[in-house]
Each structure stands twice: as structure tokens, then as C-alpha cells.
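Here is target-v3.cif, consisting of mmCIF, C-alpha atoms:
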```cif
data_structure
#
loop_
_atom_site.group_PDB
_atom_site.id
_atom_site.type_symbol
_atom_site.label_atom_id
_atom_site.label_comp_id
_atom_site.auth_asym_id
_atom_site.auth_seq_id
_atom_site.Cartn_x
_atom_site.Cartn_y
_atom_site.Cartn_z
ATOM 1 C CA MET A 1 -4.447 -11.164 -4.989
ATOM 2 C CA ARG A 2 -1.744 -8.494 -5.007
ATOM 3 C CA THR A 3 -2.525 -4.824 -4.512
ATOM 4 C CA LEU A 4 -1.542 -2.444 -7.312
ATOM 5 C CA ILE A 5 -0.724 1.017 -5.900
ATOM 6 C CA SER A 6 -0.337 4.114 -8.056
ATOM 7 C CA THR A 7 1.853 6.733 -6.380
ATOM 8 C CA ALA A 8 2.218 10.211 -7.813
ATOM 9 C CA PHE A 9 3.233 13.784 -7.288
ATOM 10 C CA ILE A 10 0.278 15.602 -8.832
ATOM 11 C CA SER A 11 -0.668 19.236 -9.371
ATOM 12 C CA LEU A 12 -4.063 20.421 -8.234
ATOM 13 C CA ASP A 13 -5.225 20.286 -11.857
ATOM 14 C CA GLY A 14 -4.075 16.680 -12.323
ATOM 15 C CA VAL A 15 -0.702 17.065 -14.087
ATOM 16 C CA VAL A 16 2.032 14.538 -13.229
ATOM 17 C CA GLU A 17 4.598 15.371 -15.930
ATOM 18 C CA ALA A 18 8.254 16.109 -15.029
ATOM 19 C CA PRO A 19 7.902 16.700 -11.287
ATOM 20 C CA GLY A 20 11.626 16.230 -10.682
ATOM 21 C CA GLY A 21 12.948 18.402 -13.496
ATOM 22 C CA GLU A 22 12.968 15.996 -16.440
ATOM 23 C CA PRO A 23 13.821 17.878 -19.658
ATOM 24 C CA GLY A 24 11.346 18.785 -22.387
ATOM 25 C CA TYR A 25 8.479 20.118 -20.276
ATOM 26 C CA ARG A 26 8.096 23.845 -19.684
ATOM 27 C CA ASN A 27 7.176 23.396 -15.997
ATOM 28 C CA ALA A 28 9.827 20.752 -15.239
ATOM 29 C CA GLY A 29 10.745 20.583 -11.547
ATOM 30 C CA TRP A 30 7.445 21.990 -10.316
ATOM 31 C CA THR A 31 7.565 19.920 -7.105
ATOM 32 C CA PHE A 32 10.479 21.865 -5.669
ATOM 33 C CA LYS A 33 10.361 25.264 -7.348
ATOM 34 C CA ASP A 34 8.768 27.859 -5.063
ATOM 35 C CA ILE A 35 7.491 25.215 -2.608
ATOM 36 C CA GLU A 36 9.120 24.908 0.801
ATOM 37 C CA PHE A 37 10.497 21.418 1.440
ATOM 38 C CA LEU A 38 8.978 19.792 4.526
ATOM 39 C CA PRO A 39 10.326 16.273 5.208
ATOM 40 C CA GLU A 40 7.133 15.170 6.951
ATOM 41 C CA ALA A 41 5.151 15.711 3.748
ATOM 42 C CA PHE A 42 7.273 13.050 2.026
ATOM 43 C CA GLU A 43 7.107 10.404 4.785
ATOM 44 C CA ILE A 44 4.831 8.293 2.614
ATOM 45 C CA LYS A 45 7.589 7.922 -0.018
ATOM 46 C CA GLY A 46 9.857 6.117 2.460
ATOM 47 C CA ARG A 47 6.967 4.019 3.720
ATOM 48 C CA GLU A 48 6.146 2.937 0.167
ATOM 49 C CA GLN A 49 9.624 1.440 -0.226
ATOM 50 C CA LYS A 50 9.235 -0.540 2.999
ATOM 51 C CA GLU A 51 5.710 -1.805 2.223
ATOM 52 C CA ALA A 52 6.036 -2.605 -1.493
ATOM 53 C CA SER A 53 7.254 -5.997 -2.653
ATOM 54 C CA ALA A 54 7.744 -5.001 -6.304
ATOM 55 C CA MET A 55 7.747 -1.962 -8.568
ATOM 56 C CA MET A 56 5.974 -1.448 -11.898
ATOM 57 C CA LEU A 57 6.853 1.125 -14.526
ATOM 58 C CA GLY A 58 5.938 2.031 -18.060
ATOM 59 C CA ARG A 59 8.711 2.122 -20.653
ATOM 60 C CA THR A 60 9.252 5.898 -20.556
ATOM 61 C CA SER A 61 9.569 6.013 -16.767
ATOM 62 C CA TYR A 62 11.807 2.952 -16.777
ATOM 63 C CA GLU A 63 14.105 4.628 -19.289
ATOM 64 C CA ALA A 64 14.189 7.795 -17.144
ATOM 65 C CA PHE A 65 14.640 6.125 -13.732
ATOM 66 C CA SER A 66 16.855 3.102 -14.505
ATOM 67 C CA PRO A 67 20.046 5.070 -15.254
ATOM 68 C CA VAL A 68 19.669 7.123 -12.036
ATOM 69 C CA TRP A 69 17.746 5.348 -9.262
ATOM 70 C CA PRO A 70 20.033 2.288 -8.844
ATOM 71 C CA GLY A 71 22.807 4.533 -7.513
ATOM 72 C CA MET A 72 20.644 6.714 -5.265
ATOM 73 C CA GLU A 73 20.779 5.916 -1.552
ATOM 74 C CA GLU A 74 17.240 7.227 -0.983
ATOM 75 C CA PHE A 75 15.939 4.512 -3.344
ATOM 76 C CA ALA A 76 18.076 1.641 -2.009
ATOM 77 C CA ASP A 77 15.052 -0.513 -1.111
ATOM 78 C CA TYR A 78 13.843 -0.355 -4.717
ATOM 79 C CA LYS A 79 17.183 -1.577 -6.055
ATOM 80 C CA VAL A 80 16.723 -5.089 -4.673
ATOM 81 C CA MET A 81 13.002 -5.591 -5.296
ATOM 82 C CA PRO A 82 11.619 -7.149 -8.495
ATOM 83 C CA LYS A 83 10.587 -4.722 -11.204
ATOM 84 C CA TYR A 84 7.981 -5.088 -13.931
ATOM 85 C CA VAL A 85 8.068 -2.888 -17.017
ATOM 86 C CA VAL A 86 4.941 -2.767 -19.153
ATOM 87 C CA SER A 87 6.024 -2.200 -22.740
ATOM 88 C CA THR A 88 5.366 -3.524 -26.205
ATOM 89 C CA THR A 89 8.689 -2.210 -27.545
ATOM 90 C CA LEU A 90 11.328 -2.667 -24.821
ATOM 91 C CA THR A 91 13.653 -5.661 -25.230
ATOM 92 C CA GLU A 92 15.751 -7.603 -22.725
ATOM 93 C CA GLY A 93 18.793 -5.846 -24.166
ATOM 94 C CA ASP A 94 17.326 -2.483 -23.134
ATOM 95 C CA LEU A 95 17.273 -3.433 -19.434
ATOM 96 C CA VAL A 96 19.971 -2.189 -17.058
ATOM 97 C CA SER A 97 21.991 -4.831 -15.220
ATOM 98 C CA ASN A 98 22.437 -3.044 -11.880
ATOM 99 C CA TRP A 99 18.831 -2.648 -10.729
ATOM 100 C CA GLY A 100 17.732 -6.150 -9.753
ATOM 101 C CA ASP A 101 15.417 -8.585 -11.495
ATOM 102 C CA THR A 102 13.275 -6.946 -14.172
ATOM 103 C CA THR A 103 10.489 -8.609 -16.138
ATOM 104 C CA ILE A 104 8.895 -7.116 -19.239
ATOM 105 C CA LEU A 105 5.106 -7.425 -19.412
ATOM 106 C CA ARG A 106 3.600 -6.986 -22.864
ATOM 107 C CA SER A 107 -0.067 -6.331 -22.058
ATOM 108 C CA LEU A 108 -2.624 -5.341 -19.448
ATOM 109 C CA ASP A 109 -3.720 -8.985 -19.444
ATOM 110 C CA GLU A 110 -0.252 -9.903 -18.184
ATOM 111 C CA VAL A 111 -0.592 -7.247 -15.462
ATOM 112 C CA ALA A 112 -3.952 -8.766 -14.470
ATOM 113 C CA GLU A 113 -2.325 -12.205 -14.270
ATOM 114 C CA LEU A 114 0.517 -10.835 -12.148
ATOM 115 C CA LYS A 115 -2.018 -9.388 -9.717
ATOM 116 C CA LYS A 116 -3.416 -12.897 -9.185
ATOM 117 C CA THR A 117 -0.066 -14.203 -7.913
ATOM 118 C CA GLU A 118 1.075 -14.455 -4.310
ATOM 119 C CA GLY A 119 3.049 -11.571 -2.889
ATOM 120 C CA GLY A 120 2.815 -8.093 -1.450
ATOM 121 C CA PRO A 121 1.848 -4.767 -2.985
ATOM 122 C CA ILE A 122 3.229 -3.571 -6.303
ATOM 123 C CA ILE A 123 3.966 0.166 -6.486
ATOM 124 C CA ILE A 124 3.729 2.134 -9.753
ATOM 125 C CA HIS A 125 5.968 5.215 -10.055
ATOM 126 C CA GLY A 126 5.650 7.835 -12.772
ATOM 127 C CA SER A 127 4.230 6.110 -15.838
ATOM 128 C CA ALA A 128 1.330 8.441 -16.690
ATOM 129 C CA THR A 129 0.301 6.525 -19.817
ATOM 130 C CA LEU A 130 0.442 3.192 -17.990
ATOM 131 C CA ASN A 131 -1.539 4.599 -15.051
ATOM 132 C CA ARG A 132 -4.340 5.769 -17.313
ATOM 133 C CA ALA A 133 -4.527 2.394 -19.059
ATOM 134 C CA LEU A 134 -4.475 0.465 -15.758
ATOM 135 C CA ALA A 135 -7.172 2.681 -14.255
ATOM 136 C CA ASP A 136 -9.367 2.336 -17.338
ATOM 137 C CA ALA A 137 -8.956 -1.467 -17.081
ATOM 138 C CA ASP A 138 -9.898 -1.308 -13.361
ATOM 139 C CA LEU A 139 -6.557 -2.789 -12.286
ATOM 140 C CA ILE A 140 -5.431 -0.117 -9.786
ATOM 141 C CA ASP A 141 -6.424 -0.790 -6.184
ATOM 142 C CA ARG A 142 -5.035 2.238 -4.347
ATOM 143 C CA TYR A 143 -3.752 5.749 -5.030
ATOM 144 C CA HIS A 144 -1.037 7.504 -2.994
ATOM 145 C CA LEU A 145 -1.221 11.122 -4.087
ATOM 146 C CA LEU A 146 0.898 14.040 -2.934
ATOM 147 C CA VAL A 147 -1.083 16.992 -4.251
ATOM 148 C CA PHE A 148 0.941 20.161 -4.832
ATOM 149 C CA PRO A 149 -0.656 23.622 -4.594
ATOM 150 C CA VAL A 150 0.042 24.564 -8.202
ATOM 151 C CA LEU A 151 -1.963 24.731 -11.415
ATOM 152 C CA LEU A 152 0.133 23.707 -14.413
ATOM 153 C CA GLY A 153 -2.422 23.754 -17.207
ATOM 154 C CA ALA A 154 -0.908 21.582 -19.916
ATOM 155 C CA GLY A 155 0.977 18.370 -19.293
ATOM 156 C CA LYS A 156 0.547 14.634 -18.926
ATOM 157 C CA ARG A 157 -2.275 13.823 -16.548
ATOM 158 C CA LEU A 158 -2.664 10.914 -14.159
ATOM 159 C CA PHE A 159 -6.302 10.225 -15.020
ATOM 160 C CA SER A 160 -7.684 9.576 -18.482
ATOM 161 C CA THR A 161 -10.532 11.408 -20.130
ATOM 162 C CA THR A 162 -12.145 8.147 -21.233
ATOM 163 C CA ASP A 163 -15.928 8.170 -20.975
ATOM 164 C CA LYS A 164 -16.459 5.354 -18.483
ATOM 165 C CA ASP A 165 -18.592 4.397 -15.533
ATOM 166 C CA LYS A 166 -18.019 6.248 -12.284
ATOM 167 C CA GLN A 167 -15.313 4.741 -10.088
ATOM 168 C CA GLN A 168 -15.822 5.299 -6.373
ATOM 169 C CA LEU A 169 -12.802 5.977 -4.155
ATOM 170 C CA LYS A 170 -12.584 5.762 -0.362
ATOM 171 C CA LEU A 171 -10.272 8.190 1.438
ATOM 172 C CA VAL A 172 -8.265 6.068 3.916
ATOM 173 C CA GLU A 173 -5.506 8.486 4.895
ATOM 174 C CA HIS A 174 -5.000 12.221 4.500
ATOM 175 C CA GLU A 175 -3.004 15.104 5.836
ATOM 176 C CA ALA A 176 -2.383 18.738 4.919
ATOM 177 C CA TYR A 177 0.998 20.373 5.436
ATOM 178 C CA ALA A 178 2.085 23.951 6.158
ATOM 179 C CA ASN A 179 3.611 24.284 2.656
ATOM 180 C CA GLY A 180 0.247 23.565 1.008
ATOM 181 C CA LEU A 181 0.912 19.933 0.067
ATOM 182 C CA GLN A 182 -1.818 17.412 0.741
ATOM 183 C CA LYS A 183 -1.408 13.663 1.165
ATOM 184 C CA ASN A 184 -4.434 11.714 -0.028
ATOM 185 C CA VAL A 185 -4.550 7.927 0.020
ATOM 186 C CA PHE A 186 -7.583 6.417 -1.695
ATOM 187 C CA ASP A 187 -8.716 2.810 -2.009
ATOM 188 C CA VAL A 188 -10.688 1.929 -5.116
ATOM 189 C CA VAL A 189 -14.147 0.719 -4.096
ATOM 190 C CA ARG A 190 -15.301 -2.389 -5.949
#
```
Translate the structure described by the file into C-alpha cells.
Amino acid sequence: MRTLISTAFISLDGVVEAPGGEPGYRNAGWTFKDIEFLPEAFEIKGREQKEASAMMLGRTSYEAFSPVWPGMEEFADYKVMPKYVVSTTLTEGDLVSNWGDTTILRSLDEVAELKKTEGGPIIIHGSATLNRALADADLIDRYHLLVFPVLLGAGKRLFSTTDKDKQQLKLVEHEAYANGLQKNVFDVVR
């Protein structure tokens, strides 16, 4: 069974929207505005590329990342690994040709079937809506969270507000940094 890992830049109040400056959100770029950059706080991002065997995205994140990430040296490892996009509307014609093999999955059932295959971890970047649906379906196995010392109020959140049974998490790695960032890695307890 493959491990499904959700990785996110997240504000202390749970917002994950537009961390890198994506347009249309009033707090866009909140991960680098007024927060000192410390390379050691982002070590986990490089490690994720080395440890993952595939990447999963929702349609919106795919459409945001696919025109940019294939040409970025810091994401070179992602260029060659298989990608899975979960979407009911994306077509094969919407996929970029310079970012490696990409498969469109149409449902959470298809994600569950993918998890049953042989292979290494699958990392999920961005994709707030997809993350909430996967978590509610109990398909996420691990969270890699870089928690930023900001409160953003409104914005897309990583976790849903669905009334569901408690889900226990086990902290397996953590560190606090001088700039206020915290790394928290949680395994989902089943």
C-alpha cells in the first residue's frame, strides 16, 4: 500500500491559500512577506522530492503549477516523476507536455485504488479542496506541515469543517525555527 502525504505551507489559523503570491487573494505571498527566510526551515521540501515516487494535485493546483514548475531547477525531481491529477473536468488536451507522465483520476475511489498499487509515497502539493476530500475519505496517511506564525482569517483551509469522527494524529517529527516557523510531521493513526 502506498503512502499518501499531504504537504502544505499553513498559517497558524489553518489557511493554505496563495502562499507563493498567486493572484486573487488579499494575503497572497504570506509565506515570504515579513518572515525572514531560513533555508533550514525548508529542508523538508527538498527531502520530499527525494522520497516521493509520484505527485498528486487537484485541478486548480495543476493549472497553477504546470506552466511554471517544469522549468524551475528547484523542482527538477518532480519533473520526471509520475503525476496524478484528480479532476472531473480536466481533459487530456489540458495537460502540459513538458512535465512527465500525467494521469487524470476522476474520483476518490480511483485514488483509493492507486494507493493499493506497488510503489513509493505519493506527495500532494497545494490542492486545498482535494486535501479536504481525501482527509474526509480517510485516504491521507501523513501530513508535512510548515506552520507560519501568521493569522490570515479568511482563505482556503487545509482541513474541512465536516462533522466526522475524531482522527488521531501522531507527531513523528517536529522542529521550531528562529523565524517562528514550525515543522510538524504527523502520521494518521488508524
Picked residues, the PyMOL selection byres ((chain A and resi 174) around 10), as JSON, numbers by chain: {"A": [144, 145, 146, 171, 172, 173, 175, 176, 182, 183, 184, 185, 186]}
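Counting all atoms listed in the file and comparing A:Ile5, A:Ala76, A:Ala54, A:Val150, the residue that lies closest to A:Gly29 is A:Val150.
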What does the PyMOL selection byres ((chain A and resi 9) around 10) select in this file, as a list of chain:residue names? A:Thr7, A:Ala8, A:Ile10, A:Ser11, A:Leu12, A:Gly14, A:Val15, A:Val16, A:Glu17, A:Ala18, A:Pro19, A:Gly20, A:Trp30, A:Thr31, A:His125, A:Gly126, A:His144, A:Leu145, A:Leu146, A:Val147, A:Phe148, A:Leu158, A:Leu181, A:Lys183
Figure out the distance between atom CA of A:Lys45 and atom CA of A:Val80, please, to one decimal in Å.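 Atom CA of A:Lys45 lies 16.6 Å from atom CA of A:Val80.
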Selected residue of minimal separation from A:Met55 among A:Pro149, A:Gly119, A:Gly100, A:Pro82, counting all atoms listed in the file: A:Pro82
